[in-house]
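Take a look at the structure below.
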Amino acid sequence: MYCTTCGNKFIDDPAFCNQCGAPTGKTSNQTVVQPRQSTSVLIGYSSKINDPTFNKYSKKSTTWSFLFAGILAVIAIIAFPIYGNASGDIDWPVSLFYGMGIGGMFLLIALLQTLKKRLDKTWDGEVIYKDAYRQKTRYRDGHVQYNNIYILKIKKDTGGTKKHKWRNIPGPYHYYNIGDKIRHHKGFYYYEKYDKSKDNQIMCAACLSFHDISENVCNRCKCPLLK
């Protein structure tokens, strides 16, 4: 079974697409087994963010980030000399220096992302603006591509605003509504809603996948769902 919105393939029959959050028309098995939580439980910020699973997930994602950057760096260091030798466009050892420079850039990006997560802080805010439109792009060969653009703006309680722009990813846009009180948790991209009492689905703070509101643990990353 595939999502009719984003094309994501489902392993089971979820009520919502865990990639974009769109309803699938199916009823989650867990929805039948587990009763919906009371309204009082679904209002307020969850203390589950302190669960050790989140810390493990964060460390694991950092490790994978450096591993991926390292692989790209090795490929660049090897590929540039090979290309330079085969094409004759780049002489040795200049081709090696190019490869080392590109490889170092990948590692630097991974390092900066890690530092950004460590320097990040938890803050509260409110959704103040939403917009969606269809963008048309025409390429030189005459090919035309259409993309759905989704914009979300959040006003921080400490001052300033945070703007998000997604292309063909409607999940977060539909999940948040203007006026929603939210909390940004340190080191994570997701915003936790203060009031989830009217929601039928919930987004994982770690991997951003969507789940039925009755579920308690993300089946993708195994982190607790914040409710």
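Ordering of the structure tokens sets the chain letters (A, B, ...), residue numbers begin anew at 1 in every chain, and ligands are numbered from 1 in the order given.
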**Study point:** Neighbour list for stretch 118-129 of chain A as a PyMOL selection string, cut-off 7 Å, only C-alpha atoms, skip fewer than 2 positions in-chain
**Key:** chain A and resi 114-116+131+152-157+177-187
**Study point:** stretch 8-217 of chain A: residues DSSP assigns to alpha helix (DSSP H), reported as a PyMOL selection string
**Key:** chain A and resi 29-33+52-87+94-119+171-175
Practice item. Output as a ChimeraX atom specification all residues of stretch 10-207 of chain A that backbone DSSP marks as strand (DSSP E). Key: /A:123-138,144-156,161-167,181-184,191-193,201-203
Point to revise | Proximity to A:Asn168 - best of A:Asn200, A:Gln135, A:Asn85, A:Ser46, only C-alpha atoms | key: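 Looking at the shortest contact to A:Asn168, the residue is A:Gln135.
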Exercise for review: Tell me which of A:Thr161, A:Ala206, A:Arg220, A:Trp92 sits closest to A:Asp51, counting only C-alpha atoms.
Suggested key: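 Closest candidate: A:Ala206.
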Check your understanding: atom CA of A:Gly44 and atom CA of A:Tyr194 are how many Å apart?
Key -> 4.7 Å
Check your understanding: If we count only C-alpha atoms, what is near A:Arg134 at a cut-off of 9 Å, once residues fewer than 3 positions away on the same chain are taken out, given as a PyMOL selection string?
Key -> chain A and resi 146-150
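Separating atom CA of A:Val74 from atom CA of A:Ser87 is a distance of 20.1 Å.
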Exercise for review: State, in Å with one decimal place, the distance from atom CA of A:Glu215 to atom CA of A:Tyr191.
Suggested key: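 Distance between the two atoms: 18.1 Å.
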Write out as a PDB file with N, CA and C atoms, in the first residue's frame the residues lying within 7 Å of A:Ile151, counting only C-alpha atoms and excluding same-chain residues fewer than 5 positions away.
ATOM      1  N   LYS A 130       0.619  30.815   8.502  1.00  0.00           N
ATOM      2  CA  LYS A 130       0.707  29.641   7.634  1.00  0.00           C
ATOM      3  C   LYS A 130       0.357  30.058   6.210  1.00  0.00           C
ATOM      4  N   ASP A 131       1.017  29.430   5.257  1.00  0.00           N
ATOM      5  CA  ASP A 131       0.683  29.704   3.862  1.00  0.00           C
ATOM      6  C   ASP A 131       1.096  28.508   3.010  1.00  0.00           C
ATOM      7  N   ALA A 132       0.366  28.296   1.939  1.00  0.00           N
ATOM      8  CA  ALA A 132       0.673  27.210   1.011  1.00  0.00           C
ATOM      9  C   ALA A 132       0.361  27.679  -0.401  1.00  0.00           C
ATOM     10  N   HIS A 164       9.774  28.346   8.632  1.00  0.00           N
ATOM     11  CA  HIS A 164      10.053  27.058   8.006  1.00  0.00           C
ATOM     12  C   HIS A 164       9.396  27.027   6.632  1.00  0.00           C
ATOM     13  N   LYS A 165      10.094  26.409   5.693  1.00  0.00           N
ATOM     14  CA  LYS A 165       9.576  26.295   4.334  1.00  0.00           C
ATOM     15  C   LYS A 165       9.820  24.876   3.847  1.00  0.00           C
ATOM     16  N   TRP A 166       8.741  24.180   3.508  1.00  0.00           N
ATOM     17  CA  TRP A 166       8.846  22.802   3.036  1.00  0.00           C
ATOM     18  C   TRP A 166       8.370  22.702   1.597  1.00  0.00           C
TER      19      TRP A 166
END
Practice item. Identify which of the residues A:Tyr83, A:Tyr189, A:Phe66, A:Tyr139 lies closest to A:Gly103, counting only C-alpha atoms when measuring atom-to-atom distances. Key: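 Counting only C-alpha atoms, the residue closest to A:Gly103 is A:Phe66.
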